[in-house]
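File shown here: data31.cif, holding mmCIF, C-alpha atoms, pLDDT in the B column; chains and numbers go by the auth columns.
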data_model
loop_
_atom_site.group_PDB
_atom_site.id
_atom_site.type_symbol
_atom_site.label_atom_id
_atom_site.label_comp_id
_atom_site.label_asym_id
_atom_site.label_seq_id
_atom_site.Cartn_x
_atom_site.Cartn_y
_atom_site.Cartn_z
_atom_site.B_iso_or_equiv
_atom_site.auth_seq_id
_atom_site.auth_asym_id
ATOM 1 C CA THR A 1 2.165 -14.164 67.666 81.00 779 C
ATOM 2 C CA VAL A 2 2.567 -16.525 64.722 85.00 780 C
ATOM 3 C CA ASP A 3 5.222 -19.265 64.769 91.00 781 C
ATOM 4 C CA VAL A 4 6.324 -21.183 61.693 92.00 782 C
ATOM 5 C CA HIS A 5 8.739 -24.097 61.385 95.00 783 C
ATOM 6 C CA GLN A 6 9.604 -25.736 58.069 95.00 784 C
ATOM 7 C CA VAL A 7 12.323 -28.035 56.775 97.00 785 C
ATOM 8 C CA TYR A 8 13.205 -27.590 53.120 96.00 786 C
ATOM 9 C CA LYS A 9 14.823 -30.714 51.692 96.00 787 C
ATOM 10 C CA TYR A 10 17.343 -28.615 49.787 96.00 788 C
ATOM 11 C CA PRO A 11 20.846 -27.391 50.714 96.00 789 C
ATOM 12 C CA PHE A 12 21.194 -24.112 52.594 97.00 790 C
ATOM 13 C CA GLU A 13 22.793 -22.220 49.685 96.00 791 C
ATOM 14 C CA GLN A 14 19.932 -23.082 47.306 96.00 792 C
ATOM 15 C CA VAL A 15 17.264 -22.162 49.871 97.00 793 C
ATOM 16 C CA VAL A 16 18.839 -18.775 50.637 97.00 794 C
ATOM 17 C CA ALA A 17 19.279 -18.000 46.919 95.00 795 C
ATOM 18 C CA SER A 18 15.587 -18.804 46.333 95.00 796 C
ATOM 19 C CA PHE A 19 14.529 -16.734 49.335 95.00 797 C
ATOM 20 C CA LEU A 20 16.415 -13.695 48.048 94.00 798 C
ATOM 21 C CA ARG A 21 14.708 -14.046 44.635 91.00 799 C
ATOM 22 C CA LYS A 22 11.259 -14.922 46.016 92.00 800 C
ATOM 23 C CA TYR A 23 9.530 -11.574 45.346 89.00 801 C
ATOM 24 C CA PRO A 24 7.976 -10.139 43.274 87.00 802 C
ATOM 25 C CA ASN A 25 6.257 -13.340 42.176 86.00 803 C
ATOM 26 C CA PRO A 26 3.011 -14.041 40.268 87.00 804 C
ATOM 27 C CA MET A 27 1.917 -16.367 43.103 86.00 805 C
ATOM 28 C CA ASP A 28 1.718 -13.394 45.478 85.00 806 C
ATOM 29 C CA LYS A 29 0.543 -10.263 43.725 87.00 807 C
ATOM 30 C CA ASN A 30 0.514 -8.295 47.015 87.00 808 C
ATOM 31 C CA VAL A 31 4.296 -7.808 46.879 90.00 809 C
ATOM 32 C CA LEU A 32 4.809 -5.154 44.204 92.00 810 C
ATOM 33 C CA SER A 33 8.577 -4.629 44.466 93.00 811 C
ATOM 34 C CA VAL A 34 11.642 -5.407 46.563 95.00 812 C
ATOM 35 C CA LYS A 35 14.715 -3.193 46.450 96.00 813 C
ATOM 36 C CA ILE A 36 18.109 -3.643 48.122 96.00 814 C
ATOM 37 C CA THR A 37 18.932 -0.359 49.857 97.00 815 C
ATOM 38 C CA GLU A 38 22.150 -1.457 51.546 98.00 816 C
ATOM 39 C CA GLU A 39 24.541 -4.379 51.218 97.00 817 C
ATOM 40 C CA LYS A 40 27.927 -4.900 52.819 98.00 818 C
ATOM 41 C CA ARG A 41 30.250 -7.746 53.728 97.00 819 C
ATOM 42 C CA ASP A 42 32.233 -7.967 56.943 97.00 820 C
ATOM 43 C CA GLU A 43 35.645 -9.060 55.662 96.00 821 C
ATOM 44 C CA SER A 44 36.696 -10.584 58.999 96.00 822 C
ATOM 45 C CA THR A 45 33.598 -12.779 59.510 96.00 823 C
ATOM 46 C CA GLY A 46 32.349 -13.135 55.919 96.00 824 C
ATOM 47 C CA VAL A 47 28.848 -12.113 57.061 98.00 825 C
ATOM 48 C CA ILE A 48 26.814 -10.351 54.373 98.00 826 C
ATOM 49 C CA TYR A 49 24.393 -7.713 55.650 98.00 827 C
ATOM 50 C CA ARG A 50 21.467 -6.661 53.443 98.00 828 C
ATOM 51 C CA LYS A 51 18.685 -4.182 53.926 98.00 829 C
ATOM 52 C CA ARG A 52 15.713 -4.413 51.572 97.00 830 C
ATOM 53 C CA ILE A 53 12.492 -2.439 51.276 97.00 831 C
ATOM 54 C CA ALA A 54 9.380 -4.186 50.003 94.00 832 C
ATOM 55 C CA ILE A 55 6.386 -2.296 48.665 94.00 833 C
ATOM 56 C CA CYS A 56 3.180 -4.275 49.199 88.00 834 C
ATOM 57 C CA GLN A 57 -0.404 -3.639 48.281 84.00 835 C
ATOM 58 C CA ASN A 58 -2.598 -2.523 51.159 80.00 836 C
ATOM 59 C CA VAL A 59 -4.616 -5.641 51.993 76.00 837 C
ATOM 60 C CA VAL A 60 -6.749 -4.080 54.725 74.00 838 C
ATOM 61 C CA PRO A 61 -10.390 -4.816 53.828 70.00 839 C
ATOM 62 C CA GLU A 62 -12.208 -1.957 52.096 70.00 840 C
ATOM 63 C CA ILE A 63 -14.722 -1.609 54.942 68.00 841 C
ATOM 64 C CA LEU A 64 -11.887 -0.860 57.391 66.00 842 C
ATOM 65 C CA ARG A 65 -10.265 1.622 54.992 65.00 843 C
ATOM 66 C CA LYS A 66 -13.045 4.063 55.780 67.00 844 C
ATOM 67 C CA VAL A 67 -10.780 4.972 58.719 66.00 845 C
ATOM 68 C CA SER A 68 -8.492 7.622 57.207 66.00 846 C
ATOM 69 C CA ILE A 69 -5.197 6.235 58.583 67.00 847 C
ATOM 70 C CA LEU A 70 -5.850 2.925 56.823 69.00 848 C
ATOM 71 C CA LYS A 71 -6.596 4.543 53.468 74.00 849 C
ATOM 72 C CA VAL A 72 -3.173 4.137 51.834 81.00 850 C
ATOM 73 C CA PRO A 73 -2.537 2.287 48.559 79.00 851 C
ATOM 74 C CA ASN A 74 0.737 0.614 49.616 88.00 852 C
ATOM 75 C CA ILE A 75 2.550 -0.587 52.701 87.00 853 C
ATOM 76 C CA GLN A 76 6.325 -0.516 53.132 92.00 854 C
ATOM 77 C CA LEU A 77 8.249 -3.280 54.901 92.00 855 C
ATOM 78 C CA GLU A 78 11.913 -3.175 55.835 96.00 856 C
ATOM 79 C CA GLU A 79 13.915 -6.383 55.986 96.00 857 C
ATOM 80 C CA GLU A 80 17.430 -6.756 57.344 98.00 858 C
ATOM 81 C CA SER A 81 19.385 -9.979 56.924 98.00 859 C
ATOM 82 C CA TRP A 82 22.710 -11.326 58.091 98.00 860 C
ATOM 83 C CA LEU A 83 23.966 -14.187 55.923 98.00 861 C
ATOM 84 C CA ASN A 84 26.824 -16.227 57.373 98.00 862 C
ATOM 85 C CA PRO A 85 27.954 -18.573 54.563 96.00 863 C
ATOM 86 C CA ARG A 86 30.660 -20.179 56.750 95.00 864 C
ATOM 87 C CA GLU A 87 28.223 -21.230 59.468 96.00 865 C
ATOM 88 C CA ARG A 88 25.406 -21.796 56.944 97.00 866 C
ATOM 89 C CA ASN A 89 22.796 -19.629 58.604 97.00 867 C
ATOM 90 C CA MET A 90 20.916 -16.461 57.829 98.00 868 C
ATOM 91 C CA ALA A 91 19.037 -14.348 60.370 98.00 869 C
ATOM 92 C CA ILE A 92 16.309 -12.015 59.133 97.00 870 C
ATOM 93 C CA ARG A 93 14.411 -9.231 60.883 97.00 871 C
ATOM 94 C CA SER A 94 11.589 -7.370 59.236 94.00 872 C
ATOM 95 C CA HIS A 95 9.090 -4.775 60.318 93.00 873 C
ATOM 96 C CA CYS A 96 6.416 -2.550 58.875 88.00 874 C
ATOM 97 C CA LEU A 97 7.382 1.061 58.126 91.00 875 C
ATOM 98 C CA THR A 98 3.760 2.133 57.518 86.00 876 C
ATOM 99 C CA TRP A 99 1.411 2.986 60.397 77.00 877 C
ATOM 100 C CA THR A 100 4.242 2.871 62.950 78.00 878 C
ATOM 101 C CA GLN A 101 2.304 5.179 65.308 77.00 879 C
ATOM 102 C CA TYR A 102 -0.606 2.686 65.393 75.00 880 C
ATOM 103 C CA ALA A 103 0.784 -0.764 64.676 76.00 881 C
ATOM 104 C CA SER A 104 3.841 -2.850 65.272 81.00 882 C
ATOM 105 C CA MET A 105 4.500 -5.775 62.940 84.00 883 C
ATOM 106 C CA LYS A 106 7.777 -7.592 63.447 90.00 884 C
ATOM 107 C CA GLU A 107 9.087 -10.880 62.106 91.00 885 C
ATOM 108 C CA GLU A 108 12.251 -12.704 63.047 95.00 886 C
ATOM 109 C CA SER A 109 13.365 -15.628 60.921 96.00 887 C
ATOM 110 C CA VAL A 110 16.302 -17.985 60.647 98.00 888 C
ATOM 111 C CA PHE A 111 17.453 -20.270 57.866 98.00 889 C
ATOM 112 C CA ARG A 112 20.027 -22.801 59.041 98.00 890 C
ATOM 113 C CA GLU A 113 21.478 -26.150 58.131 96.00 891 C
ATOM 114 C CA SER A 114 19.182 -28.892 59.415 96.00 892 C
ATOM 115 C CA MET A 115 20.412 -31.048 62.317 94.00 893 C
ATOM 116 C CA GLU A 116 18.567 -33.959 60.686 94.00 894 C
ATOM 117 C CA ASN A 117 20.454 -33.765 57.398 96.00 895 C
ATOM 118 C CA PRO A 118 23.213 -31.288 56.390 95.00 896 C
ATOM 119 C CA ASN A 119 21.712 -31.143 52.861 95.00 897 C
ATOM 120 C CA TRP A 120 18.407 -29.814 54.233 97.00 898 C
ATOM 121 C CA THR A 121 17.567 -26.369 55.553 97.00 899 C
ATOM 122 C CA GLU A 122 15.484 -25.501 58.579 97.00 900 C
ATOM 123 C CA PHE A 123 13.359 -22.353 58.570 97.00 901 C
ATOM 124 C CA ILE A 124 11.994 -20.865 61.787 96.00 902 C
ATOM 125 C CA GLN A 125 9.893 -17.709 61.884 95.00 903 C
ATOM 126 C CA ARG A 126 8.124 -15.781 64.627 93.00 904 C
ATOM 127 C CA GLY A 127 5.866 -12.883 63.782 88.00 905 C
ATOM 128 C CA ARG A 128 4.207 -10.466 66.211 87.00 906 C
ATOM 129 C CA ILE A 129 1.556 -7.865 65.586 82.00 907 C
ATOM 130 C CA SER A 130 0.129 -5.355 68.006 81.00 908 C
ATOM 131 C CA ILE A 131 -2.174 -2.456 67.287 77.00 909 C
ATOM 132 C CA THR A 132 -2.751 0.588 69.468 76.00 910 C
ATOM 133 C CA GLY A 133 -4.391 3.935 69.009 68.00 911 C
ATOM 134 C CA ALA A 134 -7.198 2.656 66.771 62.00 912 C
ATOM 135 C CA GLY A 135 -9.800 2.628 69.543 70.00 913 C
ATOM 136 C CA PHE A 136 -12.482 -0.017 69.196 69.00 914 C
ATOM 137 C CA LEU A 137 -10.832 -1.224 65.957 70.00 915 C
ATOM 138 C CA ASN A 138 -7.687 -2.479 67.756 74.00 916 C
ATOM 139 C CA CYS A 139 -9.082 -5.968 68.318 74.00 917 C
ATOM 140 C CA ILE A 140 -10.611 -6.296 64.829 74.00 918 C
ATOM 141 C CA LEU A 141 -7.411 -5.114 63.140 74.00 919 C
ATOM 142 C CA GLU A 142 -5.205 -7.393 65.266 76.00 920 C
ATOM 143 C CA THR A 143 -7.374 -10.408 64.384 78.00 921 C
ATOM 144 C CA PHE A 144 -7.254 -9.536 60.678 75.00 922 C
ATOM 145 C CA ALA A 145 -3.509 -8.852 60.794 76.00 923 C
ATOM 146 C CA SER A 146 -2.599 -12.080 62.612 80.00 924 C
ATOM 147 C CA THR A 147 -4.748 -14.133 60.220 80.00 925 C
ATOM 148 C CA PHE A 148 -3.074 -12.378 57.284 78.00 926 C
ATOM 149 C CA LEU A 149 0.398 -13.000 58.808 81.00 927 C
ATOM 150 C CA ARG A 150 -0.350 -16.710 59.332 84.00 928 C
ATOM 151 C CA GLN A 151 -1.721 -17.115 55.785 83.00 929 C
ATOM 152 C CA GLY A 152 1.197 -15.101 54.381 83.00 930 C
ATOM 153 C CA ALA A 153 3.714 -17.383 56.110 87.00 931 C
ATOM 154 C CA GLN A 154 2.027 -20.473 54.644 89.00 932 C
ATOM 155 C CA LYS A 155 1.897 -18.867 51.192 89.00 933 C
ATOM 156 C CA GLY A 156 5.590 -17.946 51.502 90.00 934 C
ATOM 157 C CA ILE A 157 6.460 -21.590 52.223 93.00 935 C
ATOM 158 C CA ARG A 158 4.442 -22.767 49.188 92.00 936 C
ATOM 159 C CA ILE A 159 6.214 -20.211 46.978 93.00 937 C
ATOM 160 C CA MET A 160 9.616 -21.298 48.306 94.00 938 C
ATOM 161 C CA GLU A 161 8.826 -24.980 47.643 94.00 939 C
ATOM 162 C CA MET A 162 7.721 -24.129 44.095 93.00 940 C
ATOM 163 C CA LEU A 163 10.801 -21.972 43.397 93.00 941 C
ATOM 164 C CA LEU A 164 13.157 -24.604 44.799 95.00 942 C
ATOM 165 C CA LYS A 165 11.565 -27.327 42.666 94.00 943 C
ATOM 166 C CA GLU A 166 11.742 -25.096 39.547 92.00 944 C
ATOM 167 C CA GLN A 167 15.308 -23.915 40.118 89.00 945 C
ATOM 168 C CA CYS A 168 16.895 -26.964 41.741 89.00 946 C
ATOM 169 C CA GLY A 169 14.835 -30.000 40.749 88.00 947 C
ATOM 170 C CA ALA A 170 13.567 -32.666 43.114 87.00 948 C
ATOM 171 C CA PRO A 171 14.253 -32.366 46.874 86.00 949 C
ATOM 172 C CA VAL A 172 17.292 -34.102 48.372 83.00 950 C
ATOM 173 C CA ALA A 173 16.250 -37.493 49.761 77.00 951 C
ATOM 174 C CA GLU A 174 17.389 -38.778 53.137 70.00 952 C
#
Could you rewrite the structure in this file as C-alpha cells?
Amino acid sequence: TVDVHQVYKYPFEQVVASFLRKYPNPMDKNVLSVKITEEKRDESTGVIYRKRIAICQNVVPEILRKVSILKVPNIQLEEESWLNPRERNMAIRSHCLTWTQYASMKEESVFRESMENPNWTEFIQRGRISITGAGFLNCILETFASTFLRQGAQKGIRIMEMLLKEQCGAPVAE
C-alpha cells in the first residue's frame, strides 16, 4: 500500500483542470496516451462522471519480461472520476486492465478544497498492489510494483506542480 498526501497552493478548479490535462507529458514518457471513453453529467447533482483509458509503456524490467505473461509492450489503465463542482471535490478510482488474472493494482484518490485555506487543494491517494499466480516471482514483482507506484506518485506531484506554475503562475499565498 502506498499513501500520498499533498496540498497544492492553488484553487480546486485550477488543480482539477491541470490534473485532467496532465498526460501525456514530456516529463513522464511512460504514459503514451489518455482517451476519454465516457463522460456524462448528472443534471440533478451537477456531478460529472468520466472514464478514461491510459496506455502506458510496460516498465517491468527486461530480466523479468522473460516470463511470457510479462512480455507485453503496453499496459492499459482505467480511470473513473466523479467531479462535484458544487462541493469542490473530485473522487478518482483507477485500476490496471492488463494482467488482471495475476495482479491487482488499484488507486483511490481525492482532490478537495483544503480545510487550511479555501484557495488551496488537498490531494489524498492510496494505491494497492497485489500479485498472485506468478509463483516465486510474486514477492519480487510486488516489491518492484510498489516502488514504481511510490515513485510514480511523487513524479505525478512534481508534474502537477510544474503544470500549475506554468498555467496559473505563482501559488496562492496564505
Practice item. Can you give me, as a list of chain:residue names, the residues this file yields under the PyMOL selection byres ((chain C and resi 833-842) around 7)? Key: C:Asn808, C:Val809, C:Leu810, C:Ser811, C:Val812, C:Ile831, C:Ala832, C:Arg843, C:Lys844, C:Val845, C:Val850, C:Pro851, C:Asn852, C:Ile853, C:Gln854, C:Leu855
Review point. So which residues touch Glu939 in chain C within 12 Å, counting all atoms listed in the file, skipping near sequence neighbours fewer than 6 positions away, as a list in words?
Key: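 Those residues are Gln784, Val785, Tyr786, Lys787, Tyr788, Gln792, Val793, Ser796, Phe797, Lys800, Met805, Thr899, Gln932, Lys933, Gln945, Cys946, Gly947, Ala948 and Pro949 of chain C.
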**Study point:** Hits of the PyMOL selection byres ((chain C and resi 903) around 6) in this structure, as a list in words
**Key:** Asp781, Val782, Glu886, Ser887, Ile902 and Arg904 of chain C
Pull C-alpha atoms from the residues just selected and write them as a short mmCIF file (atom, residue, chain, number, x, y, z; two decimals), keeping the file's coordinate frame.
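So part_37.cif came out as:
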data_model
loop_
_atom_site.label_atom_id
_atom_site.label_comp_id
_atom_site.auth_asym_id
_atom_site.auth_seq_id
_atom_site.Cartn_x
_atom_site.Cartn_y
_atom_site.Cartn_z
CA ASP C 781 5.22 -19.26 64.77
CA VAL C 782 6.32 -21.18 61.69
CA GLU C 886 12.25 -12.70 63.05
CA SER C 887 13.36 -15.63 60.92
CA ILE C 902 11.99 -20.86 61.79
CA ARG C 904 8.12 -15.78 64.63
#
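The smallest atom-to-atom distance between Arg819 in chain C and any of C:Phe922, C:Phe790, C:Trp860, C:Tyr801, using only C-alpha atoms, is found for C:Trp860.
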Exercise for review: Name the closest residue to Lys884 in chain C among the candidates C:Arg906, C:Arg864, C:His783, C:Arg799; distances are taken between atoms, counting all atoms listed in the file.
Suggested key: C:Arg906
Review point. Could you spell out the hits of the PyMOL selection byres ((chain C and resi 866) around 8) on the shown file, as a list in words?
Key: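 Given this file, the PyMOL selection byres ((chain C and resi 866) around 8) evaluates to Phe790, Glu791, Leu861, Asn862, Pro863, Arg864, Glu865, Asn867, Met868, Arg890 and Glu891 of chain C.
Atom pair CA of Ile937 in chain C / CA of Lys829 in chain C has a distance of 21.5 Å (rounded to one decimal).
What separates CA of Phe926 in chain C from CA of Gly913 in chain C is a distance of 20.5 Å.
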Check your understanding: Can you tell me how far CA of Ser882 in chain C sits from CA of Pro804 in chain C, in Å to one decimal?
Key -> 27.4 Å
Return as JSON the box centre and box size in Å, one decimal, for an axis-aligned box around all listed atoms of range 784-798 of chain C padded by 4 Å per side.
{"center_x": 16.2, "center_y": -22.2, "center_z": 52.2, "size_x": 21.2, "size_y": 25.0, "size_z": 19.7}
**Study point:** Proximity to Ile907 in chain C - best of C:Thr823, C:Ser859, C:Ser924, C:Thr878, all atoms listed in the file
**Key:**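 Looking at the shortest contact to Ile907 in chain C, the residue is C:Ser924.
Distance check against Thr779 in chain C using only C-alpha atoms: of C:Val794, C:Leu941, C:Met883, C:Val888, the minimum falls on C:Met883.
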